[in-house]
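This is protein02.csv. It holds CSV, C-alpha atoms and all ligand atoms.
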chain,number,residue,atom,x,y,z
O,192,MET,CA,169.0,103.0,167.3
O,193,THR,CA,171.2,101.8,164.4
O,194,PRO,CA,173.4,104.8,163.5
O,195,PHE,CA,174.4,105.5,159.9
O,196,ASN,CA,178.1,105.6,160.9
O,197,LYS,CA,180.2,104.7,163.9
O,198,PRO,CA,183.9,105.5,163.9
O,199,TYR,CA,185.9,102.4,164.6
O,200,LEU,CA,188.8,102.4,167.0
O,201,THR,CA,191.5,99.7,167.0
O,202,GLY,CA,192.4,100.2,170.6
O,203,LYS,CA,196.0,101.4,169.9
O,204,GLU,CA,195.2,105.0,169.1
O,205,THR,CA,195.8,106.4,172.5
O,206,LYS,CA,198.9,104.3,173.1
O,207,TYR,CA,200.5,105.8,170.0
O,208,ILE,CA,199.4,109.3,170.9
O,209,GLU,CA,201.0,108.8,174.3
O,210,GLU,CA,204.2,107.7,172.5
O,211,ALA,CA,204.1,110.8,170.3
O,212,VAL,CA,203.6,113.0,173.3
O,213,ALA,CA,206.5,111.3,175.1
O,214,THR,CA,208.9,112.1,172.3
O,215,GLY,CA,208.4,115.8,173.1
O,216,LYS,CA,207.9,116.6,169.4
O,217,ILE,CA,204.2,116.8,168.5
O,218,SER,CA,204.2,119.3,165.6
O,219,GLY,CA,204.1,117.9,162.1
O,220,ASN,CA,206.4,115.8,159.9
O,221,GLY,CA,207.8,113.7,162.8
O,222,VAL,CA,208.2,110.0,163.3
O,223,PHE,CA,204.5,109.0,163.0
O,224,THR,CA,203.9,111.2,160.0
O,225,GLN,CA,206.8,109.7,158.2
O,226,LYS,CA,205.9,106.2,159.1
O,227,CYS,CA,202.4,106.7,157.7
O,228,GLN,CA,203.7,108.3,154.5
O,229,GLN,CA,206.2,105.5,153.9
O,230,PHE,CA,203.5,102.9,154.5
O,231,PHE,CA,201.3,104.5,151.8
O,232,GLU,CA,204.1,104.9,149.3
O,233,GLU,CA,205.2,101.3,149.7
O,234,GLN,CA,201.7,99.8,149.8
O,235,TYR,CA,200.1,101.7,147.0
O,236,GLY,CA,203.0,102.9,144.8
O,237,PHE,CA,202.6,106.6,145.2
O,238,LYS,CA,205.8,108.4,144.2
O,239,LYS,CA,205.3,110.7,147.3
O,240,ALA,CA,202.7,110.9,150.0
O,241,LEU,CA,202.2,113.9,152.3
O,242,LEU,CA,199.7,113.8,155.1
O,243,THR,CA,197.4,116.8,155.3
O,244,THR,CA,194.8,118.0,157.8
O,245,SER,CA,192.0,117.0,155.5
O,246,CYS,CA,191.2,115.8,151.9
O,247,THR,CA,189.9,119.3,151.3
O,248,ASP,CA,193.4,120.6,152.1
O,249,ALA,CA,195.0,118.0,149.9
O,250,LEU,CA,192.8,119.2,147.0
O,251,GLU,CA,193.8,122.8,147.7
O,252,MET,CA,197.4,121.7,147.4
O,253,ALA,CA,196.6,120.0,144.2
O,254,ALA,CA,194.9,123.1,142.8
O,255,ILE,CA,198.0,125.2,143.6
O,256,LEU,CA,200.4,122.6,142.2
O,257,ALA,CA,198.3,122.2,139.0
O,258,GLY,CA,198.9,126.0,138.5
O,259,ILE,CA,195.1,126.7,138.2
O,260,GLU,CA,194.6,130.4,137.7
O,261,LYS,CA,191.7,132.7,137.1
O,262,ASP,CA,189.4,131.7,134.2
O,263,ASP,CA,191.1,128.3,133.7
O,264,GLU,CA,188.4,125.6,133.3
O,265,VAL,CA,188.4,122.5,135.4
O,266,ILE,CA,186.1,119.6,134.6
O,267,ILE,CA,184.5,118.0,137.7
O,268,PRO,CA,181.5,115.7,138.2
O,269,SER,CA,178.4,117.4,139.6
O,270,TYR,CA,177.6,114.5,141.8
O,271,THR,CA,180.2,114.9,144.5
O,272,PHE,CA,181.1,116.6,147.7
O,273,VAL,CA,181.7,120.4,147.7
O,274,SER,CA,185.4,120.0,148.4
O,275,THR,CA,186.1,118.5,145.0
O,276,ALA,CA,185.1,121.9,143.4
O,277,LEU,CA,186.0,124.3,146.2
O,278,ALA,CA,189.8,124.2,145.9
O,279,PHE,CA,189.6,125.1,142.2
O,280,VAL,CA,187.0,127.8,142.8
O,281,ARG,CA,189.4,129.4,145.3
O,282,GLN,CA,192.1,129.6,142.6
O,283,GLY,CA,189.5,131.5,140.4
O,284,ALA,CA,188.8,128.6,138.0
O,285,LYS,CA,185.5,128.2,136.1
O,286,ILE,CA,184.0,124.8,137.0
O,287,VAL,CA,182.6,122.8,134.2
O,288,PHE,CA,180.3,120.2,135.6
O,289,ALA,CA,180.1,116.7,134.0
O,290,ASP,CA,177.4,114.2,134.3
O,291,SER,CA,177.5,110.7,135.9
O,292,TYR,CA,176.7,107.4,134.1
O,293,SER,CA,173.1,106.4,134.2
O,294,ASP,CA,173.9,103.3,136.3
O,295,ASN,CA,177.0,104.5,138.2
O,296,PRO,CA,177.5,107.8,140.0
O,297,ASN,CA,181.0,108.2,138.6
O,298,ILE,CA,181.9,110.8,135.9
O,299,ASP,CA,180.8,109.5,132.5
O,300,ALA,CA,184.2,109.3,130.7
O,301,ASN,CA,182.4,109.3,127.3
O,302,LYS,CA,181.1,112.8,127.9
O,303,ILE,CA,184.2,114.5,129.0
O,304,GLU,CA,185.8,115.3,125.6
O,305,GLU,CA,182.8,117.5,124.5
O,306,LEU,CA,183.4,119.7,127.5
O,307,ILE,CA,187.0,120.5,126.7
O,308,THR,CA,187.9,124.0,125.4
O,309,THR,CA,191.3,125.8,124.9
O,310,LYS,CA,191.0,127.0,128.5
O,311,THR,CA,190.6,123.5,130.1
O,312,LYS,CA,193.5,122.8,132.5
O,313,ALA,CA,192.5,119.8,134.5
O,314,ILE,CA,190.0,116.9,135.0
O,315,VAL,CA,189.1,116.0,138.6
O,316,VAL,CA,187.6,112.6,138.9
O,317,VAL,CA,185.9,111.2,142.0
O,318,HIS,CA,185.9,107.4,142.7
O,319,TYR,CA,182.5,107.3,144.2
O,320,ALA,CA,182.1,104.7,147.0
O,321,GLY,CA,185.7,103.7,146.3
O,322,VAL,CA,184.9,102.3,142.9
O,323,SER,CA,187.2,103.4,140.1
O,324,CYS,CA,186.3,105.7,137.3
O,325,ASP,CA,187.3,104.6,133.8
O,326,MET,CA,190.9,105.7,134.2
O,327,GLU,CA,192.3,104.4,131.0
O,328,LYS,CA,189.8,106.5,128.9
O,329,ILE,CA,190.3,109.5,131.1
O,330,LEU,CA,194.1,109.3,130.9
O,331,GLU,CA,193.8,109.1,127.1
O,332,ILE,CA,191.7,112.2,126.9
O,333,ALA,CA,194.1,114.0,129.3
O,334,LYS,CA,197.1,113.1,127.2
O,335,LYS,CA,195.4,114.2,123.9
O,336,TYR,CA,194.6,117.6,125.3
O,337,ASN,CA,197.5,118.0,127.7
O,338,LEU,CA,195.4,118.1,130.9
O,339,ILE,CA,196.3,117.4,134.5
O,340,VAL,CA,194.4,114.5,136.1
O,341,ILE,CA,193.6,114.8,139.8
O,342,GLU,CA,191.9,112.0,141.6
O,343,ASP,CA,189.5,112.8,144.5
O,344,ALA,CA,190.2,109.5,146.1
O,345,ALA,CA,188.6,110.6,149.5
O,346,GLN,CA,186.6,107.3,149.6
O,347,ALA,CA,189.1,105.2,147.6
O,348,ILE,CA,191.7,103.9,150.0
O,349,ASP,CA,192.8,100.3,149.2
O,350,SER,CA,190.9,100.1,146.0
O,351,PHE,CA,192.4,99.3,142.5
O,352,TYR,CA,192.0,99.8,138.8
O,353,THR,CA,193.0,97.3,136.1
O,354,PHE,CA,194.2,98.6,132.7
O,355,SER,CA,193.3,96.7,129.5
O,356,ASN,CA,196.9,95.4,129.4
O,357,GLY,CA,196.3,93.7,132.8
O,358,GLU,CA,198.3,96.2,134.8
O,359,LYS,CA,196.7,96.8,138.2
O,360,LYS,CA,197.2,100.1,140.0
O,361,ALA,CA,196.0,101.5,143.3
O,362,LEU,CA,193.5,104.3,143.1
O,363,GLY,CA,195.3,107.5,143.9
O,364,SER,CA,198.5,106.3,142.1
O,365,ILE,CA,197.1,106.9,138.6
O,366,GLY,CA,196.5,110.6,138.2
O,367,ASP,CA,199.2,113.3,138.4
O,368,LEU,CA,197.9,114.1,141.9
O,369,ALA,CA,195.4,112.5,144.3
O,370,ALA,CA,193.6,113.4,147.5
O,371,PHE,CA,192.5,111.0,150.3
O,372,SER,CA,190.4,111.6,153.4
O,373,PHE,CA,190.7,110.1,156.9
O,374,HIS,CA,187.6,111.8,158.1
O,375,GLU,CA,185.7,109.7,160.7
O,376,THR,CA,183.2,108.7,158.0
O,377,LYS,CA,185.8,107.0,155.8
O,378,ASN,CA,187.3,103.4,156.0
O,379,ILE,CA,190.6,104.5,157.7
O,380,ILE,CA,190.2,107.5,160.1
O,381,SER,CA,191.9,110.1,162.2
O,382,GLY,CA,189.0,112.3,163.1
O,383,GLU,CA,189.8,114.9,160.5
O,384,GLY,CA,192.8,114.1,158.2
O,385,GLY,CA,193.9,113.5,154.7
O,386,MET,CA,196.7,112.9,152.3
O,387,LEU,CA,198.1,114.2,149.0
O,388,ALA,CA,199.6,111.5,146.8
O,389,ILE,CA,202.0,112.8,144.1
O,390,ASN,CA,202.6,110.6,141.1
O,391,ASN,CA,204.0,113.1,138.6
O,392,GLU,CA,207.5,113.6,139.9
O,393,LYS,CA,207.7,117.2,138.6
O,394,PHE,CA,205.3,118.2,141.5
O,395,ILE,CA,207.2,116.6,144.4
O,396,ASP,CA,209.7,119.4,145.4
O,397,ARG,CA,207.1,122.1,145.2
O,398,ALA,CA,204.5,120.0,147.1
O,399,GLU,CA,206.8,119.8,150.1
O,400,ILE,CA,207.3,123.6,150.1
O,401,ILE,CA,203.6,124.4,149.8
O,402,TRP,CA,202.9,121.9,152.5
O,403,GLU,CA,205.1,123.8,155.0
O,404,LYS,CA,203.9,127.4,154.6
O,405,GLY,CA,205.9,128.1,151.4
O,406,THR,CA,209.2,127.4,153.1
O,407,ASN,CA,212.0,125.0,152.1
O,408,ARG,CA,212.0,123.5,155.6
O,409,SER,CA,211.9,119.9,154.6
O,410,SER,CA,215.0,120.2,152.4
O,411,PHE,CA,216.7,122.1,155.2
O,412,PHE,CA,216.1,119.2,157.7
O,413,ARG,CA,217.5,116.8,155.1
O,414,GLY,CA,220.6,119.0,154.9
O,415,GLU,CA,220.0,119.9,151.2
O,416,VAL,CA,220.1,123.7,151.9
O,417,ASN,CA,222.0,125.3,154.8
O,418,LYS,CA,219.2,127.7,155.8
O,419,TYR,CA,215.5,127.7,155.2
O,420,GLY,CA,213.4,130.6,154.1
O,421,TRP,CA,210.2,131.7,152.4
O,422,VAL,CA,210.3,130.6,148.8
O,423,ASP,CA,206.8,130.1,147.5
O,424,THR,CA,203.1,130.3,148.3
O,425,GLY,CA,201.6,127.7,150.6
O,426,SER,CA,199.8,127.1,153.9
O,427,SER,CA,200.1,125.0,157.0
O,428,PHE,CA,198.7,121.8,155.4
O,429,LEU,CA,200.5,119.3,157.6
O,430,PRO,CA,198.8,117.5,160.6
O,431,SER,CA,200.4,117.3,164.1
O,432,GLU,CA,202.0,114.1,165.2
O,433,ILE,CA,199.0,113.4,167.5
O,434,ILE,CA,196.8,113.0,164.4
O,435,SER,CA,199.4,110.9,162.6
O,436,ALA,CA,199.9,108.7,165.7
O,437,PHE,CA,196.1,108.0,165.6
O,438,LEU,CA,196.3,107.2,161.9
O,439,TRP,CA,199.2,104.8,162.4
O,440,ALA,CA,197.1,102.6,164.7
O,441,GLN,CA,194.5,102.4,162.0
O,442,LEU,CA,197.0,101.5,159.3
O,443,GLU,CA,198.4,98.7,161.4
O,444,ASN,CA,194.9,97.2,161.2
O,445,LEU,CA,194.1,98.1,157.6
O,446,GLU,CA,193.7,94.5,156.5
O,447,ASP,CA,191.4,93.6,159.3
O,448,ILE,CA,189.3,96.7,158.8
O,449,GLN,CA,189.0,96.0,155.0
O,450,ASN,CA,188.1,92.3,155.5
O,451,LYS,CA,185.4,93.2,158.0
O,452,ARG,CA,183.9,95.9,155.8
O,453,LYS,CA,183.9,93.6,152.7
O,454,SER,CA,182.0,90.9,154.6
O,455,ILE,CA,179.4,93.5,155.7
O,456,TRP,CA,179.1,94.7,152.0
O,457,ASP,CA,178.7,91.2,150.7
O,458,ARG,CA,176.0,90.4,153.3
O,459,TYR,CA,174.0,93.4,152.1
O,460,TYR,CA,174.5,92.5,148.5
O,461,GLU,CA,173.4,88.9,148.9
O,462,GLY,CA,170.4,89.8,151.0
O,463,LEU,CA,169.1,92.6,148.7
O,464,LYS,CA,170.1,91.5,145.2
O,465,ASP,CA,166.7,90.0,144.3
O,466,ASN,CA,164.6,93.0,145.5
O,467,PRO,CA,163.0,94.6,142.4
O,468,ASN,CA,162.3,98.0,144.1
O,469,PHE,CA,165.8,99.3,143.9
O,470,SER,CA,169.1,98.6,142.1
O,471,LEU,CA,172.4,97.8,143.8
O,472,PRO,CA,175.9,99.2,143.2
O,473,LYS,CA,177.5,98.0,139.9
O,474,ILE,CA,181.3,97.3,140.1
O,475,PRO,CA,182.8,97.5,136.6
O,476,ASP,CA,185.2,94.7,135.6
O,477,PHE,CA,188.2,97.0,135.7
O,478,ALA,CA,187.4,98.1,139.4
O,479,THR,CA,187.7,96.6,142.8
O,480,ASN,CA,185.3,97.2,145.7
O,481,ASN,CA,186.9,98.6,148.9
O,482,ALA,CA,183.6,98.4,150.8
O,483,HIS,CA,183.4,102.1,151.6
O,484,MET,CA,179.7,102.3,151.4
O,485,PHE,CA,176.5,100.4,150.5
O,486,TYR,CA,173.9,102.2,148.6
O,487,LEU,CA,170.5,101.5,146.9
O,488,VAL,CA,169.1,103.4,143.9
O,489,PHE,CA,165.3,103.7,144.0
O,490,LYS,CA,163.1,104.4,141.0
O,491,ASN,CA,162.1,107.9,142.1
O,492,LEU,CA,162.4,110.4,144.9
O,493,GLU,CA,159.1,109.5,146.6
O,494,ASP,CA,160.0,105.8,147.0
O,495,ARG,CA,163.3,106.8,148.5
O,496,MET,CA,161.9,109.4,150.9
O,497,ARG,CA,159.2,106.9,152.0
O,498,MET,CA,161.9,104.3,152.7
O,499,ILE,CA,164.0,106.8,154.7
O,500,LYS,CA,161.0,107.6,156.8
O,501,LYS,CA,160.0,104.0,157.4
O,502,LEU,CA,163.5,103.0,158.4
O,503,LYS,CA,163.7,105.9,160.8
O,504,GLU,CA,160.5,104.9,162.4
O,505,ASN,CA,162.2,101.6,163.0
O,506,ASP,CA,165.3,103.2,164.5
O,507,ILE,CA,167.5,102.6,161.4
O,508,LEU,CA,169.3,105.7,160.1
O,509,ALA,CA,169.8,105.6,156.3
O,510,VAL,CA,170.7,108.8,154.5
O,511,PHE,CA,170.7,110.2,151.0
O,512,HIS,CA,173.9,111.7,149.6
O,513,TYR,CA,175.0,114.6,147.4
O,514,LEU,CA,172.9,117.4,146.0
O,515,SER,CA,174.1,118.1,142.5
O,516,LEU,CA,176.7,120.9,142.7
O,517,HIS,CA,175.6,122.6,139.5
O,518,LYS,CA,172.3,123.4,141.1
O,519,SER,CA,173.7,124.5,144.5
O,520,ASP,CA,173.0,128.0,145.8
O,521,PHE,CA,176.7,128.9,145.4
O,522,TYR,CA,177.1,127.6,141.9
O,523,ASN,CA,173.9,127.6,139.9
O,524,GLU,CA,174.2,131.1,138.6
O,525,LYS,CA,177.7,130.4,137.3
O,526,HIS,CA,176.7,127.0,135.7
O,527,ASP,CA,176.2,127.1,131.9
O,528,GLY,CA,172.6,125.7,132.1
O,529,ARG,CA,173.3,122.2,130.8
O,530,ILE,CA,170.9,119.6,132.4
O,531,LEU,CA,172.8,116.8,134.1
O,532,LYS,CA,170.1,114.2,134.4
O,533,ASN,CA,172.1,111.3,135.8
O,534,SER,CA,173.6,113.4,138.6
O,535,ASP,CA,170.1,114.7,139.4
O,536,HIS,CA,168.8,111.1,139.4
O,537,PHE,CA,171.3,110.0,142.0
O,538,GLU,CA,170.5,113.1,144.0
O,539,ASP,CA,166.9,112.0,144.1
O,540,CYS,CA,167.1,108.2,144.3
O,541,LEU,CA,170.3,107.1,146.1
O,542,LEU,CA,170.1,105.9,149.6
O,543,ARG,CA,173.1,104.9,151.8
O,544,LEU,CA,172.6,102.1,154.4
O,545,PRO,CA,174.2,102.0,157.9
O,546,PHE,CA,177.8,100.9,157.3
O,547,TYR,CA,180.5,100.5,159.9
O,548,TYR,CA,183.0,98.0,161.3
O,549,GLU,CA,180.9,97.2,164.4
O,550,LEU,CA,177.6,96.7,162.6
O,551,GLN,CA,176.5,93.3,164.0
O,552,GLU,CA,175.3,90.5,161.8
O,553,GLU,CA,172.0,90.4,163.7
O,554,GLU,CA,171.4,94.1,163.2
O,555,GLN,CA,172.3,93.9,159.6
O,556,ARG,CA,169.9,91.0,159.0
O,557,LYS,CA,167.1,93.1,160.5
O,558,ILE,CA,167.8,95.9,158.1
O,559,ILE,CA,167.8,93.6,155.1
O,560,GLU,CA,164.6,91.9,156.2
O,561,PHE,CA,163.0,95.2,156.7
O,562,LEU,CA,164.0,96.5,153.3
O,563,ASN,CA,162.7,93.3,151.7
O,564,THR,CA,159.3,93.4,153.4
O,565,PHE,CA,158.5,96.9,151.9
O,601,LIG,C1,184.8,113.0,152.5
O,601,LIG,C2,185.1,113.6,151.1
O,601,LIG,C3,185.8,114.8,150.9
O,601,LIG,C4,186.3,115.6,152.0
O,601,LIG,O1,187.2,115.0,152.9
O,601,LIG,P1,187.7,115.9,154.2
O,601,LIG,O2,188.8,115.0,154.7
O,601,LIG,O3,186.5,116.0,155.1
O,601,LIG,O4,188.1,117.2,153.7
O,601,LIG,C5,186.1,115.2,149.6
O,601,LIG,N1,185.6,114.5,148.5
O,601,LIG,C6,184.9,113.4,148.7
O,601,LIG,C7,184.4,112.7,147.5
O,601,LIG,C8,184.6,112.9,150.0
O,601,LIG,O5,183.8,111.8,150.1
If you took the structure in this file and wrote it as structure tokens, what would it be?
Ligand SMILES: *Cc1c(COP(=O)(O)O)cnc(C)c1O
Amino acid sequence: MTPFNKPYLTGKETKYIEEAVATGKISGNGVFTQKCQQFFEEQYGFKKALLTTSCTDALEMAAILAGIEKDDEVIIPSYTFVSTALAFVRQGAKIVFADSYSDNPNIDANKIEELITTKTKAIVVVHYAGVSCDMEKILEIAKKYNLIVIEDAAQAIDSFYTFSNGEKKALGSIGDLAAFSFHETKNIISGEGGMLAINNEKFIDRAEIIWEKGTNRSSFFRGEVNKYGWVDTGSSFLPSEIISAFLWAQLENLEDIQNKRKSIWDRYYEGLKDNPNFSLPKIPDFATNNAHMFYLVFKNLEDRMRMIKKLKENDILAVFHYLSLHKSDFYNEKHDGRILKNSDHFEDCLLRLPFYYELQEEEQRKIIEFLNTF
């Protein structure tokens, strides 16, 4: 059986967990947490990085920091994971779902402006498959209407966007706030895990407080205040040192992991690019590819479902992806009724192929050959 995903271990994870245990301090914000955060800040230019227990949690922090309140409107793509919307729903916001491009699952930046009202507070973008949204256009709109930009960068570690003036920035360093995931299905993993990247400096102090249950504990330990107390809302968003130690082992191998994944991606692309039955991911000129996933887009639902079944009969697990959120049980009654045809198209026609570090060349060739014979 070729699984869809297989978490990759570098071999150092348990060693670092043992080290963390040996220090006697395994709660959050210790040595490994700080090493990981510093790595991310230096490598990707985030003004501040805070590890969290998940990307979902990082998005919750973002929703609190953005000051989202009841009846505020937040623009979110419909073709995404529930967590993108969930954090804002919990703050009482009205979600205004946006459509994807016809040839790319990302939010269509040309259709955002028409969704803005006097109540709009934020735009949440999702870099699907680690491929950047059109950030220059999105930042322009946000500036014009004074909106906060939040990047759901769950899939977007080690991927970049190039502005028209040539400036290249890491995804997650562009919006006011950004959320990453280290769930075992992502490129860099810690089982469950995530990170909030803060790029707008005005949010940094409050982010640290919300991160530690609404207390000013971080500034106490830095000696900035002489006792710590309860000063704001918040939750326990920080992971234990055991999780951070695991993550550190992955970060030490980031380059190797990324190179390996890119070679797997390229092999799929080369092997499948001439097949007329489906289209392949398109990487816009302004974006890089971090090889988070490889997907095909079939012409219709029937073709895709038939292929899933045939692959499964041959012990290859390929899976479809999101169900449009505007049609979900939870949200369809609250949605304003607009039809989002591109989101629905990807719901019906997109298929993700097995993708993981240890996918052997031989196995991959079999998958490619199989797809090309049908
Ligand atoms: C994986 C994912 C999430 C959720 O990440 P967790 O760390 O599991 O909370 C959110 N948004 C997107 C786009 C994702 O792919």
Note to self: Is it possible to get the residues within 12 Å of (188.4, 116.5, 136.3) (coordinates as in the file, counting all atoms listed in the file) written as number ranges by chain?
What the structure shows: O: 250, 253-254, 257, 264-269, 271, 275-276, 279, 286-290, 297-300, 302-304, 306-307, 311-318, 324, 326, 329-330, 332-333, 338-343, 366-369
Protein/DNA/RNA residues near (190.6, 108.6, 159.6), cut 10 Å, all atoms listed in the file, as a compact mmCIF listing (two decimals) with C-alpha atoms, in the frame of the given file:
# COMPACT_ATOMS: atom_id res chain seq x y z
CA PRO O 198 183.90 105.50 163.90
CA TYR O 199 185.90 102.40 164.60
CA LEU O 200 188.80 102.40 167.00
CA SER O 245 192.00 117.00 155.50
CA PHE O 371 192.50 111.00 150.30
CA SER O 372 190.40 111.60 153.40
CA PHE O 373 190.70 110.10 156.90
CA HIS O 374 187.60 111.80 158.10
CA GLU O 375 185.70 109.70 160.70
CA THR O 376 183.20 108.70 158.00
CA LYS O 377 185.80 107.00 155.80
CA ASN O 378 187.30 103.40 156.00
CA ILE O 379 190.60 104.50 157.70
CA ILE O 380 190.20 107.50 160.10
CA SER O 381 191.90 110.10 162.20
CA GLY O 382 189.00 112.30 163.10
CA GLU O 383 189.80 114.90 160.50
CA GLY O 384 192.80 114.10 158.20
CA GLY O 385 193.90 113.50 154.70
CA ILE O 434 196.80 113.00 164.40
CA SER O 435 199.40 110.90 162.60
CA PHE O 437 196.10 108.00 165.60
CA LEU O 438 196.30 107.20 161.90
CA TRP O 439 199.20 104.80 162.40
CA GLN O 441 194.50 102.40 162.00
CA LEU O 442 197.00 101.50 159.30
Notebook entry, point to check: How far is it from atom CA of Glu331 of chain O to atom CA of Gly528 of chain O, in Å with one decimal?
Noted result: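 Here the two named atoms are 27.4 Å from each other.
Using only C-alpha atoms and all ligand atoms, the smallest distance between any of O:Phe489, O:Tyr319, O:Phe351, O:Tyr336 and ligand LIG 601 (chain O) comes from O:Tyr319.
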Residues of segment 295-407 of chain O that have any atom at most 8 Å from an atom of segment 411-433 of chain O: could you tabulate them with the shortest-distance atom pair and the distance in Å to one decimal, using all atoms listed in the file, ordered by chain and increasing number, as a tab-separated table?
residue	atom	partner	partner_atom	distance
O:Gly384	CA	O:Pro430	CA	7.3
O:Ile400	CA	O:Asp423	CA	7.0
O:Ile401	CA	O:Gly425	CA	3.9
O:Trp402	CA	O:Phe428	CA	5.1
O:Glu403	CA	O:Ser427	CA	5.5
O:Lys404	CA	O:Ser426	CA	4.2
O:Gly405	CA	O:Gly425	CA	4.4
O:Thr406	CA	O:Trp421	CA	4.5
O:Asn407	CA	O:Tyr419	CA	5.4
Can you tell me, as JSON, the centre and edge lengths (Å, one decimal) of the axis-aligned box enclosing all of ligand LIG 601 (chain O)'s listed atoms after padding each side by 5 Å?
{"center_x": 186.3, "center_y": 114.5, "center_z": 151.3, "size_x": 15.0, "size_y": 15.4, "size_z": 17.6}
Notebook entry, point to check: What gap, in Å, lies between atom CA of Trp456 of chain O and atom CA of Leu531 of chain O?
Noted result: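 We find that atom CA of Trp456 of chain O and atom CA of Leu531 of chain O lie 29.1 Å from each other.
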Next item on the list: Please indicate the distance in Å from atom P1 of ligand LIG 601 (chain O) to atom CA of Tyr513 of chain O, rounded to one decimal place.
Entry: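 Value for the atom P1 of ligand LIG 601 (chain O)-atom CA of Tyr513 of chain O distance: 14.5 Å.
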Margin query: Env of Gly321 of chain O: 9 Å cut, atoms = all atoms listed in the file, seq-sep filter 2 positions within chain, self excluded. Answer as a ChimeraX atom specification.
Written below: /O:317-319,323,344-351,362,479-484
Check: Using all atoms listed in the file, which residue out of O:Glu209, O:Asp248, O:Glu560, O:Glu493 lies closest to ligand LIG 601 (chain O)?
Finding: O:Asp248
Check: Hey, what's within 9 Å of Thr353 of chain O if we count only C-alpha atoms and toss same-chain stuff fewer than 2 positions away? As a ChimeraX atom specification, please?
Finding: /O:326-327,351,355-361,476-479
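Counting only C-alpha atoms and all ligand atoms and comparing O:Arg556, O:Cys246, O:Asp396, O:Ala284, the residue that lies closest to ligand LIG 601 (chain O) is O:Cys246.
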Check: Between O:Leu463, O:Leu562, O:Leu544, O:Ala436, which one has atoms that come closest to Leu242 of chain O, using all atoms listed in the file?
Finding: O:Ala436
